[in-house]
Amino acid sequence: MERTTANHDVYQADGNTAKPYAILLDGTAVELPTGNLDSVRINGAAGGVRSTVSDLLRWSHALMTRGLPAHEYIDVSRHRLKGCSELFHTAAIIDPTANGGTNYGLGLVRQTTPAALRLISPNRTFFASVLGNNSLSHQVFSHHGNFNGASCSFYLLPESCSAIVLLLNAMGLSEATDWIAQDIIRTLFEFESIDVIKKAHDCVTQFQAWYKLKIQGPFETGRLPASTNRSINDYIGTYRLNGYENFTLWFQPHEDNAEKMELIVNNRPNQKHVLSHYHFDVWEFALASYNEYLKKGYGTYESYVEFLISFQRHTDGTIRALTWCLDGMDVVFTKRD
């Protein structure tokens with residue numbers, strides 16, 4: 001593998017990299033800041049690995065070629081991934097409706113068709129058609145990923161020693177790499193025909209409805225009336241996650257609006273949020289429209305509560321900590337100054 005790295009500095013020095021984009025409601029592409037996630041900083045998705053189609057195909061070959069050590073990783077003779085217990089049964093951690101022949105572990109989903117193959121893709125919420133109902137069964141290993149203007153679909157088909165690697169430098173109202181991969185698999189295995197273009201168009205409407213249902217609607221109805229805004233100076237300062245000194249939230253006054261403040265995460269320019277008062281000791285950085293949500297790269301935020309910062313006070317009234325819901329978990333940051 002020649003151009004795969006988890007080192008941010010190596011990535012930055014590479015002059016041939018794809019810029020990330022968000023696709024808005026009207027189809028317009030808007031460039032997003034390049035994400036800073038990597039192996040030596042907090043919250044590095046998948047270890048912060050950046051790669052290429054060529055390198056991932058080499059890795060796929062190593063996994064599926066007998067005689068190479070990596071082949072044992074996905075031995076097709078086993079009923080589940082090597083080293084993975086029944087704790088990785090998909091019904092427990094991914095999809096409660098998944099059949100018992102599906103499991104997940106060590107970065108791959110293992111399935112036997114007929115199956116709905118997009119178990120980790122964002123499209124899974126809106127489209128779960130089963131492929132291969134009227135065909136011979138095939139084993140499929142897969143993984144999907146998306147982050148701030150980029151998405152990927154990765155499939156291994158060991159019986160034919162085939163691999164599908166799709167990398168895309170854009171995110172919109174559904175995951176395009178997933179649609180393309182499904183169509184390729186359907187063609188390879190001669191599965192029943194599915195109108196992928198129509199399904200993708202249907203997803204656009206469903207994604208818009210999802211934003212109103214899960215983000216915009218609950219945010220508007222959750223605000224409590226007649227709450228009082230405290231002094232912004234109460235909240236200004238540095239907050240750290242206990243045990244992770246490098247995970248820092250810094251709150252400062254807004255330069256142009258005395259009723260707002262700014263949140264900066266780990267001193268990253270692309271992690272700067274403008275906060276408005278929501279109610280009581282709760283502040284918010286929710287967005288006015290779905291387009292703004294996409295432009296900001298908030299595609300991984302799936303609940304309105306993730307846009308709320310709740311502060312807690314000591315008995316003397318001073319701020320002692322805050323709570324921020326991250327990926328469904330309330331995370332507490334302690335005030336340091």
# chains A, B, ... in the order shown; residues from 1 in each chain; ligands from 1
$ residues_around --residues "Gly149 of chain A" --least-positions-apart "4" --cutoff "7 Å" --atoms "only C-alpha atoms" --output "list in words"
Pro20, Tyr21, Ala22, Leu32, Asn169, Ala170, Met171 and Gly297 of chain A
$ select_by_dssp --residues "segment 110-275 of chain A" --states "strand (DSSP E or B)" --output "VMD selection string"
chain A and resid 110 to 112 115 131 139 to 146 151 to 157 162 to 168 170 to 171 237 to 241 244 to 253 261 to 265 272 to 275
$ atom_distance --atom1 "atom CA of Val274 of chain A" --atom2 "atom CA of Tyr304 of chain A"
15.7 Å
$ atom_distance --atom1 "atom CA of Ala163 of chain A" --atom2 "atom CA of Ser137 of chain A"
17.2 Å
$ select_by_dssp --residues "segment 171-309 of chain A" --states "helix (DSSP H, G or I)" --output "PyMOL selection string"
chain A and resi 176-188+196-222+232-234+269-271+290-295+304-307
$ atom_distance --atom1 "atom CA of Gly145 of chain A" --atom2 "atom CA of Lys296 of chain A"
18.1 Å
$ closest_residue --among "A:Ser160, A:Ser129, A:Thr238, A:Thr205" --to "Trp179 of chain A" --atoms "only C-alpha atoms"
A:Ser129
$ residues_around --residues "segment 252-265 of chain A" --least-positions-apart "4" --cutoff "9 Å" --atoms "only C-alpha atoms" --output "PyMOL selection string"
chain A and resi 229+231-233+235-238+247-248+269-277
$ write_last_selection --atoms "C-alpha atoms" --output "compact mmCIF listing (two decimals), in the first residue's frame"
# COMPACT_ATOMS: atom_id res chain seq x y z
CA ASN A 229 -30.80 34.45 29.87
CA SER A 231 -24.83 36.72 31.94
CA ILE A 232 -22.62 35.39 29.14
CA ASN A 233 -19.59 35.96 31.37
CA TYR A 235 -20.09 30.60 30.86
CA ILE A 236 -16.88 31.96 29.34
CA GLY A 237 -13.82 29.79 29.90
CA THR A 238 -12.18 26.44 29.20
CA PHE A 247 -10.35 17.27 24.45
CA THR A 248 -10.99 20.92 25.22
CA PRO A 269 -11.12 26.55 12.94
CA ASN A 270 -13.66 24.15 11.40
CA GLN A 271 -15.02 23.33 14.87
CA LYS A 272 -16.18 26.84 15.70
CA HIS A 273 -19.86 27.20 16.58
CA VAL A 274 -21.95 30.30 17.32
CA LEU A 275 -24.19 29.71 20.33
CA SER A 276 -27.50 31.39 21.13
CA HIS A 277 -29.44 31.13 24.36
$ closest_residue --among "A:Asn267, A:Thr221, A:Thr334, A:Thr318" --to "His279 of chain A" --atoms "only C-alpha atoms"
A:Thr221
$ residues_around --residues "segment 326-330 of chain A" --least-positions-apart "5" --cutoff "8 Å" --atoms "only C-alpha atoms" --output "MDAnalysis selection string"
chainID A and resid 301:302 306
$ write_last_selection --atoms "N, CA and C atoms" --output "PDB file, in the first residue's frame"
ATOM      1  N   TYR A 301     -24.798  14.409  13.008  1.00  0.00           N
ATOM      2  CA  TYR A 301     -25.685  14.798  14.103  1.00  0.00           C
ATOM      3  C   TYR A 301     -27.087  14.287  13.777  1.00  0.00           C
ATOM      4  N   GLU A 302     -27.594  13.365  14.578  1.00  0.00           N
ATOM      5  CA  GLU A 302     -28.856  12.708  14.253  1.00  0.00           C
ATOM      6  C   GLU A 302     -29.974  13.030  15.231  1.00  0.00           C
ATOM      7  N   GLU A 306     -28.085  17.062  20.239  1.00  0.00           N
ATOM      8  CA  GLU A 306     -26.653  17.199  19.984  1.00  0.00           C
ATOM      9  C   GLU A 306     -26.265  18.639  19.677  1.00  0.00           C
TER      10      GLU A 306
END
$ residues_around --residues "Trp324 of chain A" --least-positions-apart "2" --cutoff "8 Å" --atoms "only C-alpha atoms" --output "NGL selection string"
:A and (306 or 308-310 or 322 or 326 or 330-333)
$ residues_around --residues "Ser193 of chain A" --least-positions-apart "4" --cutoff "9 Å" --atoms "only C-alpha atoms" --output "list in words"
Asp183, Arg186 and Thr187 of chain A
